[in-house]
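Colleague: Data: query-v7.cif, mmCIF, N, CA and C atoms.
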data_query
loop_
_atom_site.group_PDB
_atom_site.id
_atom_site.type_symbol
_atom_site.label_atom_id
_atom_site.label_comp_id
_atom_site.auth_asym_id
_atom_site.auth_seq_id
_atom_site.Cartn_x
_atom_site.Cartn_y
_atom_site.Cartn_z
ATOM 1 N N MET A 1 -6.212 -10.120 -0.352
ATOM 2 C CA MET A 1 -4.844 -9.949 0.074
ATOM 3 C C MET A 1 -4.824 -8.964 1.243
ATOM 4 N N GLU A 2 -4.107 -9.315 2.269
ATOM 5 C CA GLU A 2 -3.945 -8.416 3.406
ATOM 6 C C GLU A 2 -2.736 -7.519 3.167
ATOM 7 N N THR A 3 -2.755 -6.350 3.806
ATOM 8 C CA THR A 3 -1.622 -5.438 3.662
ATOM 9 C C THR A 3 -1.288 -4.773 4.994
ATOM 10 N N ASN A 4 -0.098 -4.232 5.057
ATOM 11 C CA ASN A 4 0.343 -3.412 6.187
ATOM 12 C C ASN A 4 0.402 -1.939 5.770
ATOM 13 N N ILE A 5 -0.302 -1.589 4.709
ATOM 14 C CA ILE A 5 -0.227 -0.226 4.184
ATOM 15 C C ILE A 5 -0.652 0.795 5.236
ATOM 16 N N ALA A 6 -1.798 0.592 5.868
ATOM 17 C CA ALA A 6 -2.302 1.574 6.839
ATOM 18 C C ALA A 6 -1.308 1.771 7.977
ATOM 19 N N LYS A 7 -0.784 0.690 8.504
ATOM 20 C CA LYS A 7 0.169 0.761 9.622
ATOM 21 C C LYS A 7 1.423 1.523 9.215
ATOM 22 N N LEU A 8 2.000 1.152 8.084
ATOM 23 C CA LEU A 8 3.234 1.795 7.619
ATOM 24 C C LEU A 8 2.981 3.256 7.231
ATOM 25 N N ARG A 9 1.837 3.512 6.627
ATOM 26 C CA ARG A 9 1.485 4.878 6.227
ATOM 27 C C ARG A 9 1.360 5.775 7.452
ATOM 28 N N LYS A 10 0.697 5.281 8.494
ATOM 29 C CA LYS A 10 0.511 6.061 9.716
ATOM 30 C C LYS A 10 1.839 6.296 10.429
ATOM 31 N N GLU A 11 2.741 5.319 10.380
ATOM 32 C CA GLU A 11 4.068 5.495 10.986
ATOM 33 C C GLU A 11 4.822 6.653 10.327
ATOM 34 N N LEU A 12 4.586 6.842 9.025
ATOM 35 C CA LEU A 12 5.235 7.932 8.291
ATOM 36 C C LEU A 12 4.410 9.221 8.314
ATOM 37 N N LYS A 13 3.276 9.168 9.031
ATOM 38 C CA LYS A 13 2.374 10.314 9.143
ATOM 39 C C LYS A 13 1.886 10.813 7.773
ATOM 40 N N LEU A 14 1.557 9.862 6.920
ATOM 41 C CA LEU A 14 0.999 10.177 5.605
ATOM 42 C C LEU A 14 -0.500 9.928 5.619
ATOM 43 N N THR A 15 -1.252 10.799 4.964
ATOM 44 C CA THR A 15 -2.675 10.531 4.783
ATOM 45 C C THR A 15 -2.840 9.593 3.590
ATOM 46 N N GLN A 16 -4.041 9.049 3.443
ATOM 47 C CA GLN A 16 -4.317 8.207 2.277
ATOM 48 C C GLN A 16 -4.157 9.018 0.999
ATOM 49 N N GLU A 17 -4.587 10.254 1.026
ATOM 50 C CA GLU A 17 -4.471 11.102 -0.161
ATOM 51 C C GLU A 17 -3.007 11.389 -0.496
ATOM 52 N N GLU A 18 -2.186 11.671 0.522
ATOM 53 C CA GLU A 18 -0.764 11.940 0.285
ATOM 54 C C GLU A 18 -0.065 10.725 -0.309
ATOM 55 N N LEU A 19 -0.361 9.539 0.220
ATOM 56 C CA LEU A 19 0.231 8.320 -0.332
ATOM 57 C C LEU A 19 -0.223 8.127 -1.776
ATOM 58 N N GLY A 20 -1.505 8.312 -2.020
ATOM 59 C CA GLY A 20 -2.024 8.185 -3.387
ATOM 60 C C GLY A 20 -1.323 9.127 -4.348
ATOM 61 N N ASP A 21 -1.133 10.370 -3.916
ATOM 62 C CA ASP A 21 -0.441 11.345 -4.763
ATOM 63 C C ASP A 21 0.987 10.904 -5.070
ATOM 64 N N LYS A 22 1.667 10.348 -4.082
ATOM 65 C CA LYS A 22 3.063 9.936 -4.261
ATOM 66 C C LYS A 22 3.210 8.754 -5.224
ATOM 67 N N VAL A 23 2.176 7.896 -5.283
ATOM 68 C CA VAL A 23 2.266 6.711 -6.155
ATOM 69 C C VAL A 23 1.327 6.801 -7.363
ATOM 70 N N ASP A 24 0.773 7.995 -7.579
ATOM 71 C CA ASP A 24 -0.065 8.274 -8.755
ATOM 72 C C ASP A 24 -1.348 7.454 -8.840
ATOM 73 N N VAL A 25 -2.036 7.321 -7.708
ATOM 74 C CA VAL A 25 -3.375 6.709 -7.696
ATOM 75 C C VAL A 25 -4.278 7.580 -6.833
ATOM 76 N N THR A 26 -5.568 7.296 -6.856
ATOM 77 C CA THR A 26 -6.515 8.079 -6.059
ATOM 78 C C THR A 26 -6.539 7.601 -4.610
ATOM 79 N N ARG A 27 -7.086 8.457 -3.768
ATOM 80 C CA ARG A 27 -7.275 8.098 -2.361
ATOM 81 C C ARG A 27 -8.166 6.852 -2.256
ATOM 82 N N GLN A 28 -9.147 6.762 -3.137
ATOM 83 C CA GLN A 28 -10.054 5.608 -3.122
ATOM 84 C C GLN A 28 -9.295 4.302 -3.394
ATOM 85 N N THR A 29 -8.286 4.357 -4.253
ATOM 86 C CA THR A 29 -7.477 3.163 -4.515
ATOM 87 C C THR A 29 -6.719 2.756 -3.263
ATOM 88 N N ILE A 30 -6.168 3.724 -2.545
ATOM 89 C CA ILE A 30 -5.449 3.427 -1.298
ATOM 90 C C ILE A 30 -6.403 2.809 -0.281
ATOM 91 N N ILE A 31 -7.608 3.357 -0.182
ATOM 92 C CA ILE A 31 -8.616 2.794 0.727
ATOM 93 C C ILE A 31 -8.901 1.343 0.356
ATOM 94 N N SER A 32 -9.119 1.073 -0.921
ATOM 95 C CA SER A 32 -9.408 -0.299 -1.377
ATOM 96 C C SER A 32 -8.243 -1.242 -1.086
ATOM 97 N N LEU A 33 -7.028 -0.760 -1.282
ATOM 98 C CA LEU A 33 -5.845 -1.580 -0.983
ATOM 99 C C LEU A 33 -5.773 -1.890 0.508
ATOM 100 N N GLU A 34 -5.977 -0.882 1.345
ATOM 101 C CA GLU A 34 -5.900 -1.080 2.793
ATOM 102 C C GLU A 34 -6.968 -2.044 3.286
ATOM 103 N N GLN A 35 -8.112 -2.046 2.634
ATOM 104 C CA GLN A 35 -9.212 -2.929 3.034
ATOM 105 C C GLN A 35 -9.150 -4.301 2.369
ATOM 106 N N GLY A 36 -8.141 -4.520 1.534
ATOM 107 C CA GLY A 36 -7.987 -5.817 0.891
ATOM 108 C C GLY A 36 -8.970 -6.077 -0.236
ATOM 109 N N ARG A 37 -9.575 -5.019 -0.779
ATOM 110 C CA ARG A 37 -10.556 -5.186 -1.852
ATOM 111 C C ARG A 37 -9.954 -5.038 -3.238
ATOM 112 N N TYR A 38 -8.662 -4.742 -3.304
ATOM 113 C CA TYR A 38 -8.020 -4.484 -4.600
ATOM 114 C C TYR A 38 -6.605 -5.043 -4.571
ATOM 115 N N ASN A 39 -6.254 -5.791 -5.587
ATOM 116 C CA ASN A 39 -4.892 -6.303 -5.713
ATOM 117 C C ASN A 39 -4.128 -5.411 -6.693
ATOM 118 N N PRO A 40 -3.016 -4.846 -6.244
ATOM 119 C CA PRO A 40 -2.287 -3.908 -7.099
ATOM 120 C C PRO A 40 -1.478 -4.611 -8.179
ATOM 121 N N SER A 41 -1.131 -3.856 -9.203
ATOM 122 C CA SER A 41 -0.178 -4.363 -10.194
ATOM 123 C C SER A 41 1.179 -4.458 -9.500
ATOM 124 N N LEU A 42 2.087 -5.187 -10.087
ATOM 125 C CA LEU A 42 3.429 -5.296 -9.533
ATOM 126 C C LEU A 42 4.089 -3.922 -9.463
ATOM 127 N N GLU A 43 3.889 -3.110 -10.489
ATOM 128 C CA GLU A 43 4.470 -1.767 -10.505
ATOM 129 C C GLU A 43 3.949 -0.919 -9.350
ATOM 130 N N LEU A 44 2.631 -0.955 -9.106
ATOM 131 C CA LEU A 44 2.060 -0.179 -8.010
ATOM 132 C C LEU A 44 2.531 -0.719 -6.663
ATOM 133 N N ALA A 45 2.585 -2.031 -6.520
ATOM 134 C CA ALA A 45 3.069 -2.629 -5.266
ATOM 135 C C ALA A 45 4.501 -2.178 -4.973
ATOM 136 N N TYR A 46 5.325 -2.132 -5.997
ATOM 137 C CA TYR A 46 6.711 -1.685 -5.846
ATOM 138 C C TYR A 46 6.766 -0.214 -5.434
ATOM 139 N N LYS A 47 5.963 0.640 -6.090
ATOM 140 C CA LYS A 47 5.944 2.067 -5.761
ATOM 141 C C LYS A 47 5.515 2.290 -4.313
ATOM 142 N N ILE A 48 4.479 1.573 -3.889
ATOM 143 C CA ILE A 48 3.978 1.711 -2.518
ATOM 144 C C ILE A 48 5.041 1.249 -1.529
ATOM 145 N N THR A 49 5.662 0.118 -1.806
ATOM 146 C CA THR A 49 6.703 -0.416 -0.926
ATOM 147 C C THR A 49 7.831 0.596 -0.766
ATOM 148 N N LYS A 50 8.271 1.158 -1.868
ATOM 149 C CA LYS A 50 9.360 2.133 -1.836
ATOM 150 C C LYS A 50 8.945 3.408 -1.086
ATOM 151 N N THR A 51 7.752 3.889 -1.357
ATOM 152 C CA THR A 51 7.260 5.113 -0.718
ATOM 153 C C THR A 51 7.107 4.926 0.786
ATOM 154 N N LEU A 52 6.699 3.724 1.204
ATOM 155 C CA LEU A 52 6.519 3.451 2.636
ATOM 156 C C LEU A 52 7.825 3.028 3.317
ATOM 157 N N LYS A 53 8.917 3.081 2.564
ATOM 158 C CA LYS A 53 10.263 2.782 3.072
ATOM 159 C C LYS A 53 10.400 1.362 3.642
ATOM 160 N N ALA A 54 9.652 0.441 3.040
ATOM 161 C CA ALA A 54 9.761 -0.969 3.428
ATOM 162 C C ALA A 54 10.883 -1.602 2.609
ATOM 163 N N LYS A 55 11.498 -2.636 3.161
ATOM 164 C CA LYS A 55 12.614 -3.289 2.477
ATOM 165 C C LYS A 55 12.143 -4.213 1.359
ATOM 166 N N LYS A 56 11.027 -4.922 1.598
ATOM 167 C CA LYS A 56 10.540 -5.897 0.616
ATOM 168 C C LYS A 56 9.043 -5.726 0.407
ATOM 169 N N ILE A 57 8.586 -6.104 -0.762
ATOM 170 C CA ILE A 57 7.145 -6.082 -1.046
ATOM 171 C C ILE A 57 6.396 -6.926 -0.016
ATOM 172 N N GLU A 58 7.006 -8.012 0.411
ATOM 173 C CA GLU A 58 6.367 -8.903 1.390
ATOM 174 C C GLU A 58 6.182 -8.235 2.750
ATOM 175 N N ASP A 59 6.897 -7.144 3.017
ATOM 176 C CA ASP A 59 6.709 -6.403 4.263
ATOM 177 C C ASP A 59 5.431 -5.566 4.222
ATOM 178 N N VAL A 60 4.924 -5.316 3.024
ATOM 179 C CA VAL A 60 3.730 -4.493 2.841
ATOM 180 C C VAL A 60 2.526 -5.347 2.475
ATOM 181 N N PHE A 61 2.706 -6.294 1.584
ATOM 182 C CA PHE A 61 1.611 -7.120 1.067
ATOM 183 C C PHE A 61 1.755 -8.548 1.562
ATOM 184 N N ILE A 62 0.691 -9.068 2.169
ATOM 185 C CA ILE A 62 0.711 -10.425 2.723
ATOM 186 C C ILE A 62 -0.142 -11.321 1.842
ATOM 187 N N PHE A 63 0.522 -12.178 1.081
ATOM 188 C CA PHE A 63 -0.183 -13.088 0.194
ATOM 189 C C PHE A 63 -0.525 -14.360 0.950
ATOM 190 N N LYS A 64 -1.808 -14.685 0.976
ATOM 191 C CA LYS A 64 -2.264 -15.904 1.659
ATOM 192 C C LYS A 64 -2.781 -16.855 0.588
ATOM 193 N N ASN A 65 -2.169 -17.992 0.496
ATOM 194 C CA ASN A 65 -2.587 -19.006 -0.456
ATOM 195 C C ASN A 65 -3.872 -19.640 0.023
ATOM 196 N N ARG A 66 -4.882 -19.678 -0.827
ATOM 197 C CA ARG A 66 -6.193 -20.213 -0.407
ATOM 198 C C ARG A 66 -6.375 -21.612 -0.855
#
Any chance you could give the structure as C-alpha coordinates?
Modeller:
Amino acid sequence: METNIAKLRKELKLTQEELGDKVDVTRQTIISLEQGRYNPSLELAYKITKTLKAKKIEDVFIFKNR
(Lines of atoms letter the chains of each structure in order from A and count residues from 1; the text may use other names and numbers.)
(Lines give C-alpha, C1' and ligand atoms only; values in the text may rest on other atoms or scores of the structure.)
Protein backbone atom coordinates (compact mmCIF):
# COMPACT_ATOMS: atom_id res chain seq x y z
CA MET A 1 0.00 0.00 0.00
CA GLU A 2 1.31 3.43 -0.88
CA THR A 3 0.89 6.38 1.46
CA ASN A 4 1.24 10.15 1.58
CA ILE A 5 2.32 10.00 5.23
CA ALA A 6 5.85 11.35 4.68
CA LYS A 7 4.63 14.25 2.53
CA LEU A 8 1.84 15.25 4.92
CA ARG A 9 4.07 14.75 7.97
CA LYS A 10 6.77 17.01 6.53
CA GLU A 11 4.19 19.68 5.66
CA LEU A 12 3.27 19.76 9.36
CA LYS A 13 6.96 19.74 10.32
CA LEU A 14 6.58 16.55 12.35
CA THR A 15 9.35 14.00 12.76
CA GLN A 16 8.61 10.30 12.43
CA GLU A 17 9.05 9.98 16.18
CA GLU A 18 6.65 12.86 16.92
CA LEU A 19 3.98 11.34 14.67
CA GLY A 20 4.50 7.95 16.29
CA ASP A 21 4.10 9.47 19.74
CA LYS A 22 0.87 11.22 18.71
CA VAL A 23 -0.70 7.99 17.40
CA ASP A 24 0.82 5.64 20.01
CA VAL A 25 3.18 3.64 17.79
CA THR A 26 6.96 3.49 17.46
CA ARG A 27 9.06 5.46 15.02
CA GLN A 28 9.86 2.15 13.32
CA THR A 29 6.15 1.61 12.63
CA ILE A 30 5.93 5.04 10.98
CA ILE A 31 8.99 4.19 8.87
CA SER A 32 7.39 0.89 7.79
CA LEU A 33 4.13 2.66 6.93
CA GLU A 34 5.91 5.33 4.88
CA GLN A 35 7.83 2.65 2.98
CA GLY A 36 4.69 0.62 2.29
CA ARG A 37 5.93 -2.40 4.26
CA TYR A 38 3.11 -2.36 6.82
CA ASN A 39 -0.65 -2.09 6.48
CA PRO A 40 -2.21 -0.33 9.46
CA SER A 41 -5.34 -1.31 11.32
CA LEU A 42 -8.37 0.82 10.56
CA GLU A 43 -8.01 2.46 13.98
CA LEU A 44 -4.37 3.41 13.33
CA ALA A 45 -5.18 4.65 9.81
CA TYR A 46 -7.89 6.87 11.28
CA LYS A 47 -5.56 8.24 14.00
CA ILE A 48 -2.85 9.02 11.44
CA THR A 49 -5.35 10.68 9.09
CA LYS A 50 -6.69 12.86 11.89
CA THR A 51 -3.23 13.75 13.21
CA LEU A 52 -2.03 14.72 9.72
CA LYS A 53 -5.15 16.91 9.32
CA ALA A 54 -6.29 15.08 6.19
CA LYS A 55 -9.99 15.05 5.34
CA LYS A 56 -10.25 11.38 4.34
CA ILE A 57 -8.29 8.19 4.91
CA GLU A 58 -7.96 8.00 1.12
CA ASP A 59 -5.96 11.25 1.21
CA VAL A 60 -3.29 9.46 3.26
CA PHE A 61 -3.49 5.81 2.19
CA ILE A 62 -3.59 4.80 -1.48
CA PHE A 63 -5.08 1.36 -1.97
CA LYS A 64 -4.10 -0.24 -5.27
CA ASN A 65 -6.08 -3.27 -6.30
CA ARG A 66 -3.72 -5.95 -7.63
Colleague: Taking (2.2, -8.7, 3.6) as a centre in this file's frame and 9 Å as the limit, can you find every polymer residue with an atom that close, using only C-alpha atoms, and give them as a VMD selection string?
Modeller: chain A and resid 1 to 5 57 to 64
Colleague: To one decimal place, how far is atom CA of A:Lys53 from atom C of A:Leu8 in Å?
Modeller: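 Taking atom CA of A:Lys53 as the start and atom C of A:Leu8 as the end point, the length is 8.4 Å.
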Colleague: Could you list, as a PyMOL selection string, every residue matched by the PyMOL selection byres ((chain A and resi 22-38) around 6.5) in this structure?
Modeller: chain A and resi 1-3+5-6+16-21+39-40+47-48
Colleague: Let's see if you can do this: from backbone DSSP, list all strand (DSSP E) residues in chain A, as a PDB file with N, CA and C atoms, keeping the file's coordinate frame.
Modeller:
ATOM      1  N   GLU A   2      -4.107  -9.315   2.269  1.00  0.00           N
ATOM      2  CA  GLU A   2      -3.945  -8.416   3.406  1.00  0.00           C
ATOM      3  C   GLU A   2      -2.736  -7.519   3.167  1.00  0.00           C
ATOM      4  N   THR A   3      -2.755  -6.350   3.806  1.00  0.00           N
ATOM      5  CA  THR A   3      -1.622  -5.438   3.662  1.00  0.00           C
ATOM      6  C   THR A   3      -1.288  -4.773   4.994  1.00  0.00           C
ATOM      7  N   PHE A  61       2.706  -6.294   1.584  1.00  0.00           N
ATOM      8  CA  PHE A  61       1.611  -7.120   1.067  1.00  0.00           C
ATOM      9  C   PHE A  61       1.755  -8.548   1.562  1.00  0.00           C
ATOM     10  N   ILE A  62       0.691  -9.068   2.169  1.00  0.00           N
ATOM     11  CA  ILE A  62       0.711 -10.425   2.723  1.00  0.00           C
ATOM     12  C   ILE A  62      -0.142 -11.321   1.842  1.00  0.00           C
TER      13      ILE A  62
END
Colleague: What does the distance from atom N of A:Lys55 to atom N of A:Thr15 come to in Å, to one decimal?
Modeller: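 That distance, rounded to one decimal, is 18.6 Å.
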Colleague: Grab all the atoms of stretch 20-23 of chain A that the file lists, wrap them in a box along x, y and z, add 5 Å per side, and give me centre plus edge lengths in Å (one decimal) as lines of an AutoDock Vina configuration file.
Modeller:
center_x = 0.6
center_y = 9.0
center_z = -4.7
size_x = 15.2
size_y = 14.6
size_z = 15.3
Colleague: Atom CA of A:Tyr46 and atom CA of A:Lys10 are how many Å apart?
Modeller: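 Between atom CA of A:Tyr46 and atom CA of A:Lys10 the gap works out to 18.5 Å.
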